[in-house]
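Participant: This is query.csv (CSV, N, CA and C atoms).
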```csv
chain,number,residue,atom,x,y,z
O,1,MET,N,25.1,-8.6,16.1
O,1,MET,CA,24.9,-7.7,14.9
O,1,MET,C,23.9,-8.4,14.0
O,2,ILE,N,22.8,-7.7,13.7
O,2,ILE,CA,21.7,-8.2,12.8
O,2,ILE,C,21.6,-7.3,11.6
O,3,ILE,N,21.4,-7.9,10.5
O,3,ILE,CA,21.2,-7.1,9.3
O,3,ILE,C,19.8,-7.0,8.9
O,4,LEU,N,19.2,-5.8,8.8
O,4,LEU,CA,17.8,-5.6,8.4
O,4,LEU,C,17.9,-4.9,7.0
O,5,GLY,N,17.6,-5.7,5.9
O,5,GLY,CA,17.8,-5.2,4.6
O,5,GLY,C,19.2,-4.9,4.4
O,6,GLU,N,19.6,-3.6,4.3
O,6,GLU,CA,21.0,-3.3,4.2
O,6,GLU,C,21.5,-2.6,5.4
O,7,ILE,N,20.6,-2.4,6.4
O,7,ILE,CA,21.0,-1.7,7.7
O,7,ILE,C,21.5,-2.8,8.7
O,8,ILE,N,22.8,-2.5,9.1
O,8,ILE,CA,23.4,-3.4,10.1
O,8,ILE,C,23.1,-2.7,11.5
O,9,THR,N,22.5,-3.5,12.4
O,9,THR,CA,22.1,-3.0,13.7
O,9,THR,C,23.0,-3.4,14.8
O,10,LEU,N,23.1,-2.6,15.8
O,10,LEU,CA,23.9,-2.9,17.0
O,10,LEU,C,22.9,-3.6,18.0
O,11,LYS,N,23.3,-4.7,18.6
O,11,LYS,CA,22.4,-5.4,19.5
O,11,LYS,C,23.1,-5.6,20.9
O,12,ARG,N,24.4,-5.6,20.9
O,12,ARG,CA,25.1,-6.0,22.2
O,12,ARG,C,25.2,-4.8,23.1
O,13,ASN,N,25.0,-5.0,24.4
O,13,ASN,CA,25.0,-4.0,25.4
O,13,ASN,C,26.3,-3.2,25.4
O,14,ASN,N,27.5,-3.9,25.3
O,14,ASN,CA,28.8,-3.3,25.4
O,14,ASN,C,29.0,-2.3,24.2
O,15,ASP,N,28.4,-2.6,23.0
O,15,ASP,CA,28.5,-1.6,21.9
O,15,ASP,C,27.8,-0.3,22.2
O,16,PHE,N,26.6,-0.5,22.8
O,16,PHE,CA,25.8,0.7,23.2
O,16,PHE,C,26.6,1.5,24.3
O,17,ARG,N,27.1,0.8,25.3
O,17,ARG,CA,27.8,1.5,26.4
O,17,ARG,C,29.1,2.2,25.9
O,18,ARG,N,29.8,1.6,24.9
O,18,ARG,CA,31.0,2.2,24.4
O,18,ARG,C,30.6,3.5,23.7
O,19,LEU,N,29.5,3.5,22.9
O,19,LEU,CA,29.1,4.7,22.2
O,19,LEU,C,28.7,5.8,23.3
O,20,TYR,N,27.9,5.4,24.3
O,20,TYR,CA,27.5,6.4,25.3
O,20,TYR,C,28.7,7.0,26.0
O,21,SER,N,29.7,6.2,26.3
O,21,SER,CA,30.9,6.7,27.0
O,21,SER,C,31.9,7.5,26.2
O,22,ARG,N,32.2,6.9,25.0
O,22,ARG,CA,33.3,7.5,24.2
O,22,ARG,C,32.8,8.3,22.9
O,23,GLY,N,31.5,8.1,22.6
O,23,GLY,CA,31.0,8.7,21.3
O,23,GLY,C,30.7,10.2,21.6
O,24,ARG,N,30.5,10.9,20.5
O,24,ARG,CA,30.1,12.3,20.6
O,24,ARG,C,28.5,12.3,20.5
O,25,SER,N,27.9,13.2,21.3
O,25,SER,CA,26.4,13.3,21.3
O,25,SER,C,25.9,14.6,20.7
O,26,TYR,N,24.8,14.5,20.0
O,26,TYR,CA,24.2,15.7,19.4
O,26,TYR,C,22.7,15.5,19.7
O,27,ALA,N,22.1,16.6,20.2
O,27,ALA,CA,20.7,16.5,20.7
O,27,ALA,C,19.8,17.5,20.1
O,28,SER,N,18.6,17.1,20.0
O,28,SER,CA,17.5,18.1,19.6
O,28,SER,C,16.3,17.7,20.5
O,29,SER,N,15.2,18.4,20.3
O,29,SER,CA,14.1,18.1,21.2
O,29,SER,C,13.4,16.8,20.9
O,30,VAL,N,13.6,16.1,19.8
O,30,VAL,CA,13.0,14.9,19.5
O,30,VAL,C,13.9,13.7,19.4
O,31,LEU,N,15.2,13.9,19.4
O,31,LEU,CA,16.2,12.9,19.1
O,31,LEU,C,17.6,13.2,19.7
O,32,VAL,N,18.3,12.2,20.2
O,32,VAL,CA,19.7,12.3,20.6
O,32,VAL,C,20.5,11.3,19.7
O,33,THR,N,21.6,11.8,19.1
O,33,THR,CA,22.4,10.9,18.3
O,33,THR,C,23.8,10.8,18.9
O,34,TYR,N,24.3,9.6,19.0
O,34,TYR,CA,25.6,9.3,19.4
O,34,TYR,C,26.4,8.8,18.2
O,35,VAL,N,27.6,9.4,18.0
O,35,VAL,CA,28.4,9.0,16.8
O,35,VAL,C,29.8,8.7,17.2
O,36,MET,N,30.3,7.6,16.6
O,36,MET,CA,31.7,7.2,16.9
O,36,MET,C,32.2,6.4,15.7
O,37,ARG,N,33.5,6.6,15.3
O,37,ARG,CA,34.1,5.8,14.2
O,37,ARG,C,34.2,4.4,14.6
O,38,ASN,N,34.1,3.5,13.7
O,38,ASN,CA,34.4,2.1,14.0
O,38,ASN,C,35.4,1.5,13.0
O,39,ARG,N,35.9,0.3,13.3
O,39,ARG,CA,37.0,-0.3,12.5
O,39,ARG,C,36.4,-1.2,11.4
O,40,CYS,N,35.2,-1.6,11.4
O,40,CYS,CA,34.7,-2.6,10.5
O,40,CYS,C,34.4,-2.0,9.1
O,41,GLY,N,34.3,-0.6,9.0
O,41,GLY,CA,34.1,0.0,7.7
O,41,GLY,C,32.6,0.0,7.2
O,42,ASN,N,31.7,-0.4,8.0
O,42,ASN,CA,30.3,-0.3,7.7
O,42,ASN,C,29.6,0.7,8.6
O,43,VAL,N,28.4,1.1,8.3
O,43,VAL,CA,27.6,1.9,9.2
O,43,VAL,C,26.8,1.0,10.0
O,44,ARG,N,26.9,1.1,11.3
O,44,ARG,CA,26.0,0.2,12.2
O,44,ARG,C,25.2,1.2,13.0
O,45,ILE,N,23.9,0.9,13.2
O,45,ILE,CA,23.0,1.7,13.9
O,45,ILE,C,22.3,1.0,15.1
O,46,GLY,N,22.0,1.7,16.1
O,46,GLY,CA,21.2,1.2,17.2
O,46,GLY,C,20.1,2.2,17.5
O,47,ILE,N,19.0,1.7,18.0
O,47,ILE,CA,17.9,2.6,18.4
O,47,ILE,C,17.5,2.3,19.8
O,48,THR,N,17.4,3.3,20.6
O,48,THR,CA,17.1,3.1,22.0
O,48,THR,C,15.8,3.9,22.4
O,49,THR,N,14.8,3.2,23.0
O,49,THR,CA,13.7,3.9,23.5
O,49,THR,C,13.4,3.4,24.9
O,50,SER,N,13.4,4.3,25.9
O,50,SER,CA,13.3,3.9,27.3
O,50,SER,C,11.8,3.9,27.6
O,51,LYS,N,11.5,3.4,28.8
O,51,LYS,CA,10.1,3.4,29.3
O,51,LYS,C,9.6,4.8,29.6
O,52,LYS,N,10.5,5.8,29.6
O,52,LYS,CA,10.0,7.2,29.8
O,52,LYS,C,9.2,7.6,28.6
O,53,ILE,N,9.4,7.0,27.5
O,53,ILE,CA,8.6,7.3,26.2
O,53,ILE,C,7.2,7.0,26.4
O,54,GLY,N,6.9,5.9,27.1
O,54,GLY,CA,5.5,5.5,27.2
O,54,GLY,C,5.4,4.0,27.2
O,55,LYS,N,4.2,3.5,26.9
O,55,LYS,CA,3.9,2.1,26.8
O,55,LYS,C,4.5,1.5,25.5
O,56,ALA,N,4.4,0.2,25.3
O,56,ALA,CA,5.0,-0.5,24.2
O,56,ALA,C,4.6,0.1,22.8
O,57,VAL,N,3.3,0.5,22.7
O,57,VAL,CA,2.9,1.0,21.4
O,57,VAL,C,3.6,2.3,21.0
O,58,LEU,N,3.8,3.2,22.0
O,58,LEU,CA,4.6,4.4,21.7
O,58,LEU,C,6.0,4.2,21.5
O,59,ARG,N,6.6,3.2,22.3
O,59,ARG,CA,8.0,2.9,22.1
O,59,ARG,C,8.2,2.3,20.7
O,60,ASN,N,7.3,1.4,20.3
O,60,ASN,CA,7.5,0.8,18.9
O,60,ASN,C,7.3,1.8,17.8
O,61,ARG,N,6.3,2.8,18.0
O,61,ARG,CA,6.2,3.8,17.0
O,61,ARG,C,7.4,4.7,16.9
O,62,SER,N,8.0,5.0,18.1
O,62,SER,CA,9.3,5.8,18.1
O,62,SER,C,10.4,5.1,17.3
O,63,ARG,N,10.5,3.8,17.5
O,63,ARG,CA,11.5,3.0,16.8
O,63,ARG,C,11.2,3.0,15.3
O,64,ARG,N,10.0,2.8,14.9
O,64,ARG,CA,9.6,2.8,13.5
O,64,ARG,C,9.9,4.1,12.8
O,65,ILE,N,9.5,5.2,13.4
O,65,ILE,CA,9.8,6.5,12.7
O,65,ILE,C,11.2,6.8,12.6
O,66,ILE,N,12.0,6.5,13.7
O,66,ILE,CA,13.5,6.7,13.6
O,66,ILE,C,14.1,5.8,12.5
O,67,ARG,N,13.7,4.6,12.5
O,67,ARG,CA,14.2,3.7,11.4
O,67,ARG,C,13.9,4.2,10.0
O,68,GLU,N,12.7,4.6,9.8
O,68,GLU,CA,12.3,5.1,8.5
O,68,GLU,C,13.0,6.4,8.1
O,69,ALA,N,13.2,7.3,9.1
O,69,ALA,CA,14.0,8.5,8.8
O,69,ALA,C,15.4,8.2,8.5
O,70,TYR,N,16.0,7.2,9.2
O,70,TYR,CA,17.4,6.8,8.8
O,70,TYR,C,17.4,6.2,7.4
O,71,ARG,N,16.4,5.4,7.1
O,71,ARG,CA,16.4,4.8,5.7
O,71,ARG,C,16.5,5.8,4.6
O,72,ALA,N,15.8,7.0,4.9
O,72,ALA,CA,15.8,8.0,3.9
O,72,ALA,C,17.2,8.7,3.8
O,73,LEU,N,18.0,8.7,4.9
O,73,LEU,CA,19.3,9.3,4.9
O,73,LEU,C,20.5,8.3,4.7
O,74,SER,N,20.2,7.0,4.7
O,74,SER,CA,21.3,6.0,4.7
O,74,SER,C,22.2,6.2,3.5
O,75,GLY,N,21.8,6.6,2.4
O,75,GLY,CA,22.7,6.7,1.2
O,75,GLY,C,23.7,7.9,1.4
O,76,GLU,N,23.4,8.8,2.2
O,76,GLU,CA,24.2,10.0,2.4
O,76,GLU,C,25.2,9.8,3.5
O,77,VAL,N,25.1,8.8,4.3
O,77,VAL,CA,26.0,8.6,5.5
O,77,VAL,C,27.3,8.0,5.1
O,78,ARG,N,28.4,8.5,5.6
O,78,ARG,CA,29.8,8.0,5.3
O,78,ARG,C,29.9,6.6,6.0
O,79,GLN,N,30.7,5.8,5.4
O,79,GLN,CA,31.0,4.5,5.9
O,79,GLN,C,31.9,4.5,7.1
O,80,GLY,N,31.9,3.5,8.0
O,80,GLY,CA,32.9,3.4,9.1
O,80,GLY,C,32.4,4.1,10.3
O,81,VAL,N,31.1,4.3,10.6
O,81,VAL,CA,30.7,4.9,11.8
O,81,VAL,C,29.6,4.0,12.5
O,82,ASP,N,29.6,4.2,13.8
O,82,ASP,CA,28.5,3.6,14.6
O,82,ASP,C,27.6,4.7,15.0
O,83,LEU,N,26.3,4.5,14.9
O,83,LEU,CA,25.3,5.6,15.3
O,83,LEU,C,24.3,4.9,16.3
O,84,VAL,N,24.0,5.7,17.3
O,84,VAL,CA,22.9,5.3,18.2
O,84,VAL,C,21.9,6.4,18.3
O,85,PHE,N,20.7,6.1,18.0
O,85,PHE,CA,19.6,7.1,18.1
O,85,PHE,C,18.8,6.9,19.3
O,86,VAL,N,18.6,7.9,20.2
O,86,VAL,CA,17.9,7.7,21.4
O,86,VAL,C,16.6,8.6,21.3
O,87,ALA,N,15.5,7.9,21.5
O,87,ALA,CA,14.2,8.6,21.4
O,87,ALA,C,14.0,9.5,22.6
O,88,ARG,N,13.3,10.6,22.4
O,88,ARG,CA,13.0,11.5,23.6
O,88,ARG,C,11.5,11.5,23.8
O,89,GLY,N,11.0,12.2,24.7
O,89,GLY,CA,9.6,12.2,25.1
O,89,GLY,C,8.6,12.6,24.0
O,90,LYS,N,9.1,13.6,23.1
O,90,LYS,CA,8.2,14.0,22.0
O,90,LYS,C,8.2,13.1,20.8
O,91,THR,N,9.2,12.2,20.7
O,91,THR,CA,9.4,11.4,19.5
O,91,THR,C,8.1,10.7,19.0
O,92,PRO,N,7.4,10.0,19.9
O,92,PRO,CA,6.2,9.3,19.3
O,92,PRO,C,5.1,10.1,18.8
O,93,TYR,N,5.1,11.4,19.1
O,93,TYR,CA,4.0,12.3,18.7
O,93,TYR,C,4.4,13.2,17.5
O,94,VAL,N,5.5,13.0,16.9
O,94,VAL,CA,5.9,13.8,15.7
O,94,VAL,C,5.9,13.0,14.5
O,95,LYS,N,5.9,13.6,13.3
O,95,LYS,CA,5.9,12.9,12.0
O,95,LYS,C,7.3,12.5,11.7
O,96,THR,N,7.5,11.6,10.7
O,96,THR,CA,8.8,11.1,10.3
O,96,THR,C,9.6,12.3,9.7
O,97,GLY,N,8.9,13.2,9.0
O,97,GLY,CA,9.6,14.4,8.5
O,97,GLY,C,10.3,15.2,9.5
O,98,ASP,N,9.7,15.4,10.7
O,98,ASP,CA,10.4,16.1,11.8
O,98,ASP,C,11.6,15.4,12.3
O,99,ILE,N,11.5,14.1,12.4
O,99,ILE,CA,12.6,13.3,12.8
O,99,ILE,C,13.7,13.3,11.8
O,100,LEU,N,13.3,13.3,10.5
O,100,LEU,CA,14.3,13.3,9.4
O,100,LEU,C,15.1,14.7,9.5
O,101,ARG,N,14.4,15.8,9.7
O,101,ARG,CA,15.1,17.1,9.7
O,101,ARG,C,16.0,17.1,10.9
O,102,ALA,N,15.6,16.6,12.1
O,102,ALA,CA,16.5,16.7,13.2
O,102,ALA,C,17.7,15.7,13.0
O,103,MET,N,17.4,14.6,12.4
O,103,MET,CA,18.5,13.6,12.2
O,103,MET,C,19.5,14.2,11.2
O,104,ARG,N,19.0,14.8,10.1
O,104,ARG,CA,19.9,15.4,9.1
O,104,ARG,C,20.8,16.4,9.7
O,105,LYS,N,20.2,17.3,10.6
O,105,LYS,CA,20.9,18.4,11.2
O,105,LYS,C,22.0,17.8,12.1
O,106,GLU,N,21.7,16.8,12.9
O,106,GLU,CA,22.6,16.2,13.9
O,106,GLU,C,23.8,15.5,13.2
O,107,LEU,N,23.4,14.8,12.1
O,107,LEU,CA,24.5,14.0,11.4
O,107,LEU,C,25.4,15.0,10.6
O,108,LYS,N,24.8,16.1,10.1
O,108,LYS,CA,25.6,17.1,9.4
O,108,LYS,C,26.6,17.8,10.4
O,109,GLU,N,26.1,18.1,11.6
O,109,GLU,CA,26.9,18.7,12.6
O,109,GLU,C,28.0,17.7,13.0
O,110,ALA,N,27.7,16.4,13.0
O,110,ALA,CA,28.7,15.4,13.4
O,110,ALA,C,29.8,15.2,12.3
O,111,GLY,N,29.4,15.7,11.1
O,111,GLY,CA,30.3,15.5,9.9
O,111,GLY,C,30.3,14.1,9.3
O,112,VAL,N,29.2,13.5,9.4
O,112,VAL,CA,29.0,12.1,8.9
O,112,VAL,C,28.3,12.0,7.6
O,113,LEU,N,27.7,13.1,7.1
O,113,LEU,CA,27.0,13.1,5.9
O,113,LEU,C,28.0,13.4,4.7
O,114,LYS,N,27.8,12.8,3.6
O,114,LYS,CA,28.7,13.0,2.4
O,114,LYS,C,28.4,14.4,1.8
```
Please lay out the structure from this file as structure tokens.
Facilitator:
Amino acid sequence: MIILGEIITLKRNNDFRRLYSRGRSYASSVLVTYVMRNRCGNVRIGITTSKKIGKAVLRNRSRRIIREAYRALSGEVRQGVDLVFVARGKTPYVKTGDILRAMRKELKEAGVLK
């Protein structure tokens, strides 16, 4: 677990696997979000970009815009959840605002926004 600013990130493989298997998923054309309650009382996030996205430059751009969109929403997210955001093929080619809209819709659907 690493803390970036105020964002606590998931790093361990078993945390990601637990969310994939037991968490609820919400999908759009640019982003997939996995949500699950945790016991630590904090919001922890993980970002996944596979090689299907493209070369390293596109994968890094995908991670950057997802992280920036989450920063804009972080004040509205309820405490005590783990979130994993999975980039899709369109993710590196859209603006942060598009990711933000998709993320807000998915988190609202999951019932995690205040």
Participant: Quick one: residues within 12 Å of (22.0, 5.8, 17.9) (file frame), counting only C-alpha atoms, please, as a PyMOL selection string.
Facilitator: chain O and resi 9-11+15-20+23-27+31-36+43-49+63+66-67+70+81-87+103+106-107
Participant: Which is closer to O:Arg59 than all the others in O:Thr91, O:Asn42, O:Gln79, O:Ser74, using only C-alpha atoms?
Facilitator: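 The closest residue to O:Arg59 is O:Thr91.
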Participant: Between O:Gly111, O:Ser29, O:Arg78, O:Asn60, single out the one closest to O:Asp98, counting only C-alpha atoms.
Facilitator: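 Of O:Gly111, O:Ser29, O:Arg78, O:Asn60, the one nearest O:Asp98, counting only C-alpha atoms, is O:Ser29.
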Participant: If DSSP is run on the backbone, what residues of stretch 35-67 of chain O are strand (DSSP E)? A reply as number ranges by chain would be ideal.
Facilitator: O: 35-37, 44-48
Participant: I need the residue nearest O:Ser62 from this list: O:Gly75, O:Ile99, O:Asn38, O:Gly80. Use only C-alpha atoms for the distance.
Facilitator: O:Ile99
Participant: Counting only N, CA and C atoms, which of O:Glu6, O:Arg22, O:Lys51, O:Ala72 gets nearest to O:Arg37?
Facilitator: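 Nearest to O:Arg37: O:Arg22.
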Participant: Tell me, which residues of chain O carry DSSP alpha helix (DSSP H), written as a CSV table (one decimal) with N, CA and C atoms, in the frame of the given file?
Facilitator:
```csv
chain,number,residue,atom,x,y,z
O,13,ASN,N,25.0,-5.0,24.4
O,13,ASN,CA,25.0,-4.0,25.4
O,13,ASN,C,26.3,-3.2,25.4
O,14,ASN,N,27.5,-3.9,25.3
O,14,ASN,CA,28.8,-3.3,25.4
O,14,ASN,C,29.0,-2.3,24.2
O,15,ASP,N,28.4,-2.6,23.0
O,15,ASP,CA,28.5,-1.6,21.9
O,15,ASP,C,27.8,-0.3,22.2
O,16,PHE,N,26.6,-0.5,22.8
O,16,PHE,CA,25.8,0.7,23.2
O,16,PHE,C,26.6,1.5,24.3
O,17,ARG,N,27.1,0.8,25.3
O,17,ARG,CA,27.8,1.5,26.4
O,17,ARG,C,29.1,2.2,25.9
O,18,ARG,N,29.8,1.6,24.9
O,18,ARG,CA,31.0,2.2,24.4
O,18,ARG,C,30.6,3.5,23.7
O,19,LEU,N,29.5,3.5,22.9
O,19,LEU,CA,29.1,4.7,22.2
O,19,LEU,C,28.7,5.8,23.3
O,20,TYR,N,27.9,5.4,24.3
O,20,TYR,CA,27.5,6.4,25.3
O,20,TYR,C,28.7,7.0,26.0
O,21,SER,N,29.7,6.2,26.3
O,21,SER,CA,30.9,6.7,27.0
O,21,SER,C,31.9,7.5,26.2
O,22,ARG,N,32.2,6.9,25.0
O,22,ARG,CA,33.3,7.5,24.2
O,22,ARG,C,32.8,8.3,22.9
O,56,ALA,N,4.4,0.2,25.3
O,56,ALA,CA,5.0,-0.5,24.2
O,56,ALA,C,4.6,0.1,22.8
O,57,VAL,N,3.3,0.5,22.7
O,57,VAL,CA,2.9,1.0,21.4
O,57,VAL,C,3.6,2.3,21.0
O,58,LEU,N,3.8,3.2,22.0
O,58,LEU,CA,4.6,4.4,21.7
O,58,LEU,C,6.0,4.2,21.5
O,59,ARG,N,6.6,3.2,22.3
O,59,ARG,CA,8.0,2.9,22.1
O,59,ARG,C,8.2,2.3,20.7
O,60,ASN,N,7.3,1.4,20.3
O,60,ASN,CA,7.5,0.8,18.9
O,60,ASN,C,7.3,1.8,17.8
O,61,ARG,N,6.3,2.8,18.0
O,61,ARG,CA,6.2,3.8,17.0
O,61,ARG,C,7.4,4.7,16.9
O,62,SER,N,8.0,5.0,18.1
O,62,SER,CA,9.3,5.8,18.1
O,62,SER,C,10.4,5.1,17.3
O,63,ARG,N,10.5,3.8,17.5
O,63,ARG,CA,11.5,3.0,16.8
O,63,ARG,C,11.2,3.0,15.3
O,64,ARG,N,10.0,2.8,14.9
O,64,ARG,CA,9.6,2.8,13.5
O,64,ARG,C,9.9,4.1,12.8
O,65,ILE,N,9.5,5.2,13.4
O,65,ILE,CA,9.8,6.5,12.7
O,65,ILE,C,11.2,6.8,12.6
O,66,ILE,N,12.0,6.5,13.7
O,66,ILE,CA,13.5,6.7,13.6
O,66,ILE,C,14.1,5.8,12.5
O,67,ARG,N,13.7,4.6,12.5
O,67,ARG,CA,14.2,3.7,11.4
O,67,ARG,C,13.9,4.2,10.0
O,68,GLU,N,12.7,4.6,9.8
O,68,GLU,CA,12.3,5.1,8.5
O,68,GLU,C,13.0,6.4,8.1
O,69,ALA,N,13.2,7.3,9.1
O,69,ALA,CA,14.0,8.5,8.8
O,69,ALA,C,15.4,8.2,8.5
O,70,TYR,N,16.0,7.2,9.2
O,70,TYR,CA,17.4,6.8,8.8
O,70,TYR,C,17.4,6.2,7.4
O,71,ARG,N,16.4,5.4,7.1
O,71,ARG,CA,16.4,4.8,5.7
O,71,ARG,C,16.5,5.8,4.6
O,72,ALA,N,15.8,7.0,4.9
O,72,ALA,CA,15.8,8.0,3.9
O,72,ALA,C,17.2,8.7,3.8
O,73,LEU,N,18.0,8.7,4.9
O,73,LEU,CA,19.3,9.3,4.9
O,73,LEU,C,20.5,8.3,4.7
O,96,THR,N,7.5,11.6,10.7
O,96,THR,CA,8.8,11.1,10.3
O,96,THR,C,9.6,12.3,9.7
O,97,GLY,N,8.9,13.2,9.0
O,97,GLY,CA,9.6,14.4,8.5
O,97,GLY,C,10.3,15.2,9.5
O,98,ASP,N,9.7,15.4,10.7
O,98,ASP,CA,10.4,16.1,11.8
O,98,ASP,C,11.6,15.4,12.3
O,99,ILE,N,11.5,14.1,12.4
O,99,ILE,CA,12.6,13.3,12.8
O,99,ILE,C,13.7,13.3,11.8
O,100,LEU,N,13.3,13.3,10.5
O,100,LEU,CA,14.3,13.3,9.4
O,100,LEU,C,15.1,14.7,9.5
O,101,ARG,N,14.4,15.8,9.7
O,101,ARG,CA,15.1,17.1,9.7
O,101,ARG,C,16.0,17.1,10.9
O,102,ALA,N,15.6,16.6,12.1
O,102,ALA,CA,16.5,16.7,13.2
O,102,ALA,C,17.7,15.7,13.0
O,103,MET,N,17.4,14.6,12.4
O,103,MET,CA,18.5,13.6,12.2
O,103,MET,C,19.5,14.2,11.2
O,104,ARG,N,19.0,14.8,10.1
O,104,ARG,CA,19.9,15.4,9.1
O,104,ARG,C,20.8,16.4,9.7
O,105,LYS,N,20.2,17.3,10.6
O,105,LYS,CA,20.9,18.4,11.2
O,105,LYS,C,22.0,17.8,12.1
O,106,GLU,N,21.7,16.8,12.9
O,106,GLU,CA,22.6,16.2,13.9
O,106,GLU,C,23.8,15.5,13.2
O,107,LEU,N,23.4,14.8,12.1
O,107,LEU,CA,24.5,14.0,11.4
O,107,LEU,C,25.4,15.0,10.6
O,108,LYS,N,24.8,16.1,10.1
O,108,LYS,CA,25.6,17.1,9.4
O,108,LYS,C,26.6,17.8,10.4
O,109,GLU,N,26.1,18.1,11.6
O,109,GLU,CA,26.9,18.7,12.6
O,109,GLU,C,28.0,17.7,13.0
O,110,ALA,N,27.7,16.4,13.0
O,110,ALA,CA,28.7,15.4,13.4
O,110,ALA,C,29.8,15.2,12.3
```
Participant: Between atom C of O:Pro92 and atom N of O:Ala56, what is the spacing in Å?
Facilitator: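 Atom-to-atom, atom N of O:Ala56 and atom C of O:Pro92 are spaced 11.9 Å apart.
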Participant: What does the distance from atom CA of O:Gly89 to atom CA of O:Arg101 come to in Å, to one decimal?
Facilitator: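 Separation of atom CA of O:Gly89 and atom CA of O:Arg101: 17.1 Å.
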Participant: What does the distance from atom N of O:Ser50 to atom N of O:Arg88 come to in Å, to one decimal?
Facilitator: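 Those two atoms sit 7.2 Å apart.
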Participant: For a quick check of understanding, using only C-alpha atoms, which of O:Lys90, O:Lys95, O:Lys108, O:Ile53 has the smallest distance to O:Ala69?
Facilitator: O:Lys95
Participant: Could you write stretch 11-16 of chain O as a compact mmCIF listing (two decimals), in the frame of the given file, with all heavy atoms rebuilt where they are missing?
Facilitator:
```txt
# COMPACT_ATOMS: atom_id res chain seq x y z
N LYS O 11 23.30 -4.70 18.60
CA LYS O 11 22.40 -5.40 19.50
C LYS O 11 23.10 -5.60 20.90
O LYS O 11 22.44 -5.75 21.88
CB LYS O 11 22.05 -6.77 18.97
CG LYS O 11 21.13 -6.69 17.79
CD LYS O 11 19.79 -6.18 18.21
CE LYS O 11 18.84 -6.14 17.03
NZ LYS O 11 17.58 -5.52 17.36
N ARG O 12 24.40 -5.60 20.90
CA ARG O 12 25.10 -6.00 22.20
C ARG O 12 25.20 -4.80 23.10
O ARG O 12 25.51 -3.65 22.66
CB ARG O 12 26.53 -6.52 21.85
CG ARG O 12 26.45 -7.85 21.13
CD ARG O 12 27.76 -8.49 20.80
NE ARG O 12 28.89 -7.94 21.52
CZ ARG O 12 30.11 -7.88 21.02
NH1 ARG O 12 30.36 -8.32 19.82
NH2 ARG O 12 31.10 -7.38 21.73
N ASN O 13 25.00 -5.00 24.40
CA ASN O 13 25.00 -4.00 25.40
C ASN O 13 26.30 -3.20 25.40
O ASN O 13 26.36 -2.01 25.55
CB ASN O 13 24.68 -4.59 26.74
CG ASN O 13 24.50 -3.54 27.80
OD1 ASN O 13 24.17 -2.40 27.51
ND2 ASN O 13 24.73 -3.93 29.04
N ASN O 14 27.50 -3.90 25.30
CA ASN O 14 28.80 -3.30 25.40
C ASN O 14 29.00 -2.30 24.20
O ASN O 14 29.71 -1.34 24.33
CB ASN O 14 29.90 -4.24 25.58
CG ASN O 14 30.14 -5.14 24.38
OD1 ASN O 14 29.29 -5.25 23.50
ND2 ASN O 14 31.27 -5.79 24.35
N ASP O 15 28.40 -2.60 23.00
CA ASP O 15 28.50 -1.60 21.90
C ASP O 15 27.80 -0.30 22.20
O ASP O 15 28.27 0.75 21.97
CB ASP O 15 27.89 -2.25 20.63
CG ASP O 15 28.74 -3.37 20.06
OD1 ASP O 15 29.97 -3.37 20.33
OD2 ASP O 15 28.19 -4.24 19.37
N PHE O 16 26.60 -0.50 22.80
CA PHE O 16 25.80 0.70 23.20
C PHE O 16 26.60 1.50 24.30
O PHE O 16 26.70 2.72 24.22
CB PHE O 16 24.43 0.35 23.72
CG PHE O 16 23.46 0.04 22.63
CD1 PHE O 16 23.32 -1.25 22.14
CD2 PHE O 16 22.67 1.04 22.08
CE1 PHE O 16 22.42 -1.53 21.13
CE2 PHE O 16 21.76 0.76 21.07
CZ PHE O 16 21.64 -0.53 20.60
```
